[in-house]
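Asks: File start.cif follows (mmCIF, C-alpha atoms):
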data_my_file
loop_
_atom_site.label_atom_id
_atom_site.label_comp_id
_atom_site.auth_asym_id
_atom_site.auth_seq_id
_atom_site.Cartn_x
_atom_site.Cartn_y
_atom_site.Cartn_z
CA MET A 1 -4.34 15.88 29.16
CA GLU A 2 -5.86 18.68 27.11
CA ALA A 3 -3.17 18.31 24.44
CA ALA A 4 -3.85 14.59 24.24
CA SER A 5 -7.57 15.11 23.76
CA VAL A 6 -6.93 17.74 21.04
CA ALA A 7 -4.56 15.33 19.27
CA HIS A 8 -7.15 12.56 19.54
CA ALA A 9 -9.86 14.82 18.13
CA ALA A 10 -7.64 15.88 15.23
CA GLU A 11 -6.75 12.27 14.46
CA HIS A 12 -10.17 10.68 14.42
CA HIS A 13 -12.86 13.28 13.86
CA GLY A 14 -13.85 16.11 11.57
CA PRO A 15 -12.43 17.30 8.27
CA PRO A 16 -8.69 17.08 7.46
CA PRO A 17 -6.44 20.04 8.37
CA ALA A 18 -6.67 23.06 6.05
CA ASN A 19 -3.36 22.24 4.35
CA ARG A 20 -4.45 18.66 3.55
CA SER A 21 -6.98 17.67 0.90
CA SER A 22 -7.60 14.23 2.34
CA ARG A 23 -7.24 12.22 5.55
CA VAL A 24 -5.13 9.74 3.56
CA GLU A 25 -1.39 10.34 3.93
CA PRO A 26 -0.09 12.52 1.03
CA GLN A 27 2.52 9.93 -0.07
CA LEU A 28 -0.08 7.15 -0.21
CA LEU A 29 -2.68 9.40 -1.83
CA GLY A 30 -0.14 10.34 -4.53
CA MET A 31 0.68 6.70 -5.24
CA LEU A 32 -3.02 5.80 -5.20
CA LEU A 33 -3.90 8.44 -7.82
CA PHE A 34 -0.82 7.57 -9.87
CA ILE A 35 -1.66 3.84 -9.96
CA ILE A 36 -5.30 4.54 -10.87
CA SER A 37 -4.13 6.70 -13.81
CA GLU A 38 -1.66 3.97 -14.80
CA VAL A 39 -4.44 1.36 -14.85
CA MET A 40 -6.28 3.61 -17.31
CA VAL A 41 -3.18 3.93 -19.53
CA PHE A 42 -2.77 0.14 -19.61
CA GLY A 43 -6.51 -0.12 -20.25
CA ALA A 44 -6.14 1.95 -23.42
CA PHE A 45 -3.43 -0.37 -24.73
CA PHE A 46 -5.42 -3.49 -23.81
CA THR A 47 -8.41 -2.00 -25.67
CA ALA A 48 -6.25 -1.83 -28.81
CA TYR A 49 -5.08 -5.41 -28.22
CA PHE A 50 -8.60 -6.81 -27.77
CA PHE A 51 -9.86 -4.77 -30.72
CA ILE A 52 -7.29 -6.44 -32.98
CA ARG A 53 -7.95 -9.95 -31.65
CA VAL A 54 -11.69 -9.92 -30.91
CA ALA A 55 -13.39 -7.14 -32.92
CA GLN A 56 -11.17 -7.43 -36.00
CA GLY A 57 -10.52 -11.17 -35.61
CA ASP A 58 -6.87 -11.03 -36.65
CA PRO A 59 -4.78 -14.14 -35.85
CA TRP A 60 -2.50 -13.91 -32.83
CA PRO A 61 0.44 -13.88 -33.16
CA ALA A 62 0.66 -12.73 -36.76
CA PRO A 63 1.21 -15.55 -39.28
CA GLY A 64 4.87 -16.49 -39.63
CA THR A 65 5.85 -15.15 -36.22
CA HIS A 66 6.53 -16.90 -32.94
CA LEU A 67 6.43 -15.43 -29.43
CA PRO A 68 9.08 -16.80 -27.01
CA VAL A 69 6.58 -18.07 -24.41
CA GLU A 70 9.18 -20.06 -22.43
CA VAL A 71 11.70 -17.21 -22.12
CA ALA A 72 8.92 -14.81 -21.11
CA GLY A 73 7.72 -17.45 -18.62
CA VAL A 74 11.13 -17.51 -16.96
CA ASN A 75 11.06 -13.70 -16.96
CA THR A 76 7.64 -13.84 -15.27
CA ALA A 77 9.04 -16.08 -12.54
CA ILE A 78 11.90 -13.62 -12.03
CA LEU A 79 9.51 -10.67 -11.67
CA VAL A 80 7.17 -12.55 -9.31
CA SER A 81 10.21 -13.52 -7.19
CA SER A 82 11.18 -9.85 -6.98
CA SER A 83 7.80 -9.05 -5.40
CA PHE A 84 8.54 -11.62 -2.71
CA THR A 85 11.96 -10.08 -2.02
CA VAL A 86 10.56 -6.52 -1.78
CA HIS A 87 7.97 -7.86 0.68
CA TRP A 88 10.80 -9.50 2.61
CA ALA A 89 12.65 -6.16 2.75
CA GLN A 90 9.54 -4.35 3.98
CA THR A 91 8.80 -6.99 6.64
CA ALA A 92 12.45 -6.95 7.74
CA ILE A 93 12.61 -3.18 8.35
CA LYS A 94 9.28 -3.32 10.20
CA HIS A 95 10.99 -5.70 12.65
CA GLY A 96 14.22 -3.68 12.78
CA ASN A 97 16.18 -6.20 10.70
CA ARG A 98 18.53 -3.97 8.69
CA PHE A 99 20.33 -6.88 6.98
CA GLY A 100 16.99 -8.21 5.70
CA LEU A 101 16.09 -4.75 4.37
CA LYS A 102 19.39 -4.33 2.50
CA ALA A 103 19.47 -7.90 1.17
CA GLY A 104 15.80 -7.81 0.13
CA ILE A 105 15.96 -4.47 -1.65
CA LEU A 106 19.27 -5.23 -3.39
CA THR A 107 17.94 -8.63 -4.56
CA THR A 108 14.75 -6.97 -5.83
CA PHE A 109 16.77 -4.40 -7.76
CA LEU A 110 18.99 -7.08 -9.34
CA LEU A 111 15.99 -9.26 -10.25
CA GLY A 112 14.31 -6.23 -11.86
CA CYS A 113 17.49 -5.49 -13.86
CA THR A 114 17.59 -9.14 -14.98
CA PHE A 115 13.95 -8.93 -16.12
CA LEU A 116 14.65 -5.81 -18.17
CA PHE A 117 17.85 -7.26 -19.64
CA ILE A 118 16.03 -10.43 -20.76
CA GLN A 119 13.21 -8.37 -22.27
CA ILE A 120 15.64 -6.20 -24.26
CA ASN A 121 17.42 -9.37 -25.40
CA GLU A 122 14.03 -10.78 -26.43
CA TYR A 123 13.34 -7.68 -28.56
CA ALA A 124 16.76 -8.05 -30.22
CA ASN A 125 16.11 -11.69 -31.19
CA ILE A 126 12.35 -11.85 -31.76
CA GLY A 127 12.58 -11.41 -35.52
CA PHE A 128 9.91 -8.78 -36.20
CA ALA A 129 9.65 -5.00 -35.89
CA PRO A 130 6.83 -2.81 -34.49
CA GLN A 131 5.94 -1.46 -37.93
CA ASP A 132 5.52 -4.91 -39.56
CA ALA A 133 1.84 -5.45 -38.66
CA ALA A 134 -0.84 -4.31 -36.20
CA GLN A 135 -0.17 -7.37 -34.00
CA GLN A 136 3.55 -6.53 -33.77
CA THR A 137 2.75 -2.90 -32.98
CA ILE A 138 0.53 -3.82 -30.07
CA PHE A 139 2.99 -6.50 -28.88
CA TYR A 140 5.80 -3.93 -28.64
CA SER A 141 3.42 -1.29 -27.22
CA LEU A 142 2.11 -3.44 -24.38
CA THR A 143 5.42 -5.08 -23.43
CA GLY A 144 7.30 -1.80 -23.98
CA LEU A 145 4.85 0.18 -21.83
CA HIS A 146 5.33 -2.37 -19.09
CA GLY A 147 9.12 -2.29 -19.59
CA ALA A 148 9.04 1.49 -19.10
CA HIS A 149 7.23 0.94 -15.80
CA VAL A 150 9.85 -1.59 -14.72
CA PHE A 151 12.53 1.00 -15.56
CA ILE A 152 10.79 3.63 -13.39
CA GLY A 153 10.40 1.04 -10.61
CA LEU A 154 14.12 0.26 -10.86
CA LEU A 155 14.97 3.95 -10.43
CA LEU A 156 12.82 4.04 -7.28
CA LEU A 157 14.41 0.82 -6.03
CA LEU A 158 17.88 2.22 -6.72
CA PHE A 159 17.14 5.20 -4.46
CA VAL A 160 15.75 2.89 -1.76
CA THR A 161 18.80 0.60 -2.05
CA ILE A 162 21.24 3.51 -1.71
CA ARG A 163 19.31 4.94 1.25
CA SER A 164 19.13 1.50 2.90
CA PHE A 165 22.90 1.08 2.69
CA ARG A 166 23.33 4.60 4.10
CA GLY A 167 21.38 3.61 7.20
CA HIS A 168 18.05 5.26 6.44
CA TYR A 169 14.65 3.79 7.46
CA SER A 170 13.62 2.34 10.79
CA PRO A 171 10.78 0.22 12.21
CA GLU A 172 8.91 3.50 12.89
CA GLU A 173 9.72 5.31 9.62
CA HIS A 174 9.80 3.16 6.48
CA ARG A 175 7.33 4.90 4.17
CA GLY A 176 10.17 5.24 1.63
CA VAL A 177 10.27 1.44 1.28
CA GLU A 178 6.52 0.92 1.45
CA VAL A 179 5.45 3.23 -1.41
CA PRO A 180 7.93 1.87 -4.01
CA GLY A 181 6.92 -1.61 -2.77
CA ILE A 182 3.26 -0.94 -3.61
CA TYR A 183 4.32 0.37 -7.03
CA TRP A 184 6.48 -2.73 -7.63
CA HIS A 185 3.58 -5.08 -6.82
CA PHE A 186 1.40 -3.09 -9.25
CA VAL A 187 4.05 -3.50 -11.98
CA ASP A 188 4.14 -7.22 -11.21
CA ILE A 189 0.35 -7.62 -11.45
CA MET A 190 0.31 -5.72 -14.76
CA TRP A 191 2.98 -8.04 -16.14
CA LEU A 192 0.97 -11.12 -15.14
CA ILE A 193 -1.98 -9.75 -17.13
CA VAL A 194 0.26 -8.78 -20.09
CA TYR A 195 2.01 -12.17 -20.09
CA SER A 196 -1.17 -14.23 -19.84
CA THR A 197 -3.01 -12.28 -22.57
CA VAL A 198 -0.15 -11.62 -25.00
CA TYR A 199 1.91 -14.81 -24.68
CA ILE A 200 -0.41 -17.58 -23.41
CA LEU A 201 -3.95 -16.88 -24.57
CA MET B 1 -11.78 -5.04 3.14
CA LEU B 2 -8.55 -5.61 1.22
CA ASN B 3 -7.19 -2.33 -0.19
CA PRO B 4 -3.94 -2.93 -2.13
CA LEU B 5 -3.14 0.78 -2.13
CA ARG B 6 -3.26 1.16 1.66
CA SER B 7 -0.04 -0.66 2.51
CA GLU B 8 2.67 -2.83 0.97
CA GLU B 9 1.43 -5.82 2.94
CA GLU B 10 -2.06 -5.54 1.46
CA ALA B 11 -0.62 -4.95 -2.03
CA PHE B 12 1.42 -8.16 -1.64
CA ARG B 13 -1.64 -10.09 -0.51
CA PHE B 14 -3.55 -8.70 -3.50
CA LEU B 15 -0.71 -9.85 -5.76
CA LEU B 16 -1.03 -13.41 -4.40
CA TYR B 17 -4.79 -13.39 -5.06
CA ALA B 18 -4.18 -11.98 -8.55
CA ILE B 19 -1.67 -14.77 -9.31
CA ALA B 20 -4.21 -17.39 -8.21
CA VAL B 21 -7.05 -15.87 -10.27
CA ILE B 22 -4.90 -15.38 -13.41
CA VAL B 23 -3.50 -18.93 -13.22
CA VAL B 24 -7.03 -20.39 -12.88
CA ILE B 25 -8.50 -18.30 -15.75
CA ALA B 26 -5.54 -18.88 -18.11
CA GLY B 27 -5.48 -22.59 -17.21
CA LEU B 28 -9.20 -22.97 -17.89
CA ILE B 29 -8.98 -21.21 -21.26
CA VAL B 30 -5.95 -23.27 -22.35
CA LEU B 31 -7.75 -26.46 -21.22
CA LEU B 32 -10.98 -25.57 -23.04
CA ARG B 33 -9.01 -24.72 -26.18
CA ALA B 34 -7.26 -28.09 -26.04
CA ILE B 35 -10.59 -29.93 -25.69
CA PHE B 36 -12.61 -28.08 -28.36
#
Using structure tokens, write down the structure that the file contains.
Replies:
Amino acid sequence: MEAASVAHAAEHHGPPPANRSSRVEPQLLGMLLFIISEVMVFGAFFTAYFFIRVAQGDPWPAPGTHLPVEVAGVNTAILVSSSFTVHWAQTAIKHGNRFGLKAGILTTFLLGCTFLFIQINEYANIGFAPQDAAQQTIFYSLTGLHGAHVFIGLLLLLFVTIRSFRGHYSPEEHRGVEVPGIYWHFVDIMWLIVYSTVYIL
Amino acid sequence: MLNPLRSEEEAFRFLLYAIAVIVVIAGLIVLLRAIF
């Protein structure tokens, strides 16, 4: 009885324990701070983009160049689909469905690889280089920065996939799926902003 | 209040809202450009 009341007091009231800087779980706090810093990094690149287009008034894309809007659109659909599959994996393990976890995570990983492969293929065939003009520099910078994030996300997903197939995670303990899932959704949202500003608008 | 950094479920819901908002804004801009 006494132990239960002490546990209750520790859980709901007062400052966090001495070894914790916050009442937020360390894994979530780490991802929270990381994503906030990432938003600022993307913000710096978007500032350069809007400076070129709005403040300087340069044409977009640069004269004589064409951005593959349709191919990037298909790539966008692939990345958005991968967010649905990672959500499926997370929901599955919450309900103890191990097949759903493995299938969802593996599909997410493969969709992410497809996205990156198409983007690299796009770079190879786009017909201009980063050093050609300011517009090309910022095009490669923004899409490349995002591509680097997809690559990091794929590494995380690879670990989650391997651990899933080794029987890790349970309905009670699935933080290892949840945190990469949050990161993956963040990468997806950033791509939607990059795609709509760079390719469509 | 929706906090996309609290859980994967909330992040996913935030993603759906973001898709809706981005589609509406991009659609409006493309439409206005086509008109004017």
Asks: What's the 9 Å shell around Phe151 (chain A), counting only C-alpha atoms, without same-chain residues fewer than 6 positions away, as a VMD selection string?
Replies: chain A and resid 112 to 113 116
Asks: Please evaluate the PyMOL selection byres ((chain B) within 9 of (chain A)) against the displayed coordinates and give the resulting residues as a count of residues only.
Replies: 18
Asks: Using the chain letters and numbers from the file, give me the residues hit by the PyMOL selection byres ((chain A and resi 122) around 12), as a short mmCIF file (atom, residue, chain, number, x, y, z; two decimals) with C-alpha atoms, in the coordinates of the input.
Replies:
data_model
loop_
_atom_site.label_atom_id
_atom_site.label_comp_id
_atom_site.auth_asym_id
_atom_site.auth_seq_id
_atom_site.Cartn_x
_atom_site.Cartn_y
_atom_site.Cartn_z
CA HIS A 66 6.53 -16.90 -32.94
CA LEU A 67 6.43 -15.43 -29.43
CA PRO A 68 9.08 -16.80 -27.01
CA VAL A 69 6.58 -18.07 -24.41
CA GLU A 70 9.18 -20.06 -22.43
CA VAL A 71 11.70 -17.21 -22.12
CA ALA A 72 8.92 -14.81 -21.11
CA VAL A 74 11.13 -17.51 -16.96
CA ASN A 75 11.06 -13.70 -16.96
CA PHE A 115 13.95 -8.93 -16.12
CA LEU A 116 14.65 -5.81 -18.17
CA PHE A 117 17.85 -7.26 -19.64
CA ILE A 118 16.03 -10.43 -20.76
CA GLN A 119 13.21 -8.37 -22.27
CA ILE A 120 15.64 -6.20 -24.26
CA ASN A 121 17.42 -9.37 -25.40
CA TYR A 123 13.34 -7.68 -28.56
CA ALA A 124 16.76 -8.05 -30.22
CA ASN A 125 16.11 -11.69 -31.19
CA ILE A 126 12.35 -11.85 -31.76
CA GLY A 127 12.58 -11.41 -35.52
CA PHE A 128 9.91 -8.78 -36.20
CA ALA A 129 9.65 -5.00 -35.89
CA TYR A 140 5.80 -3.93 -28.64
CA THR A 143 5.42 -5.08 -23.43
CA GLY A 144 7.30 -1.80 -23.98
CA GLY A 147 9.12 -2.29 -19.59
#
Asks: Any idea what the distance is between CA of Val150 (chain A) and CA of Leu111 (chain A)?
Replies: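 Computed distance, CA of Val150 (chain A) to CA of Leu111 (chain A), equals 10.8 Å.
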Asks: How close does each residue of region 127-182 of chain A get to region 53-57 of chain A, giving the shortest atom pair and distance in Å to one decimal for every residue with an atom at most 12 Å away, counting all atoms listed in the file, sorted by chain and residue number, as a Markdown table?
Replies:
| residue | atom | partner | partner_atom | distance |
| --- | --- | --- | --- | --- |
| A:Ala134 | CA | A:Arg53 | CA | 10.2 |
| A:Gln135 | CA | A:Arg53 | CA | 8.5 |
| A:Ile138 | CA | A:Arg53 | CA | 10.6 |
| A:Phe139 | CA | A:Arg53 | CA | 11.8 |
Asks: Could those residues be written to a file, using C-alpha atoms, as a tab-separated table (two decimals), in the coordinates of the input?
Replies:
chain	number	residue	atom	x	y	z
A	134	ALA	CA	-0.84	-4.31	-36.20
A	135	GLN	CA	-0.17	-7.37	-34.00
A	138	ILE	CA	0.53	-3.82	-30.07
A	139	PHE	CA	2.99	-6.50	-28.88
Asks: CA of Ser81 (chain A) and CA of Ala103 (chain A), how far apart in Å?
Replies: 13.7 Å
Asks: Padding of 6 Å on every side, edges along x, y and z, all listed atoms of region 183-191 of chain A included: what centre and edge lengths in Å, to one decimal, does that box have, as JSON?
Replies:
{"center_x": 3.4, "center_y": -3.8, "center_z": -11.5, "size_x": 18.2, "size_y": 20.4, "size_z": 21.3}
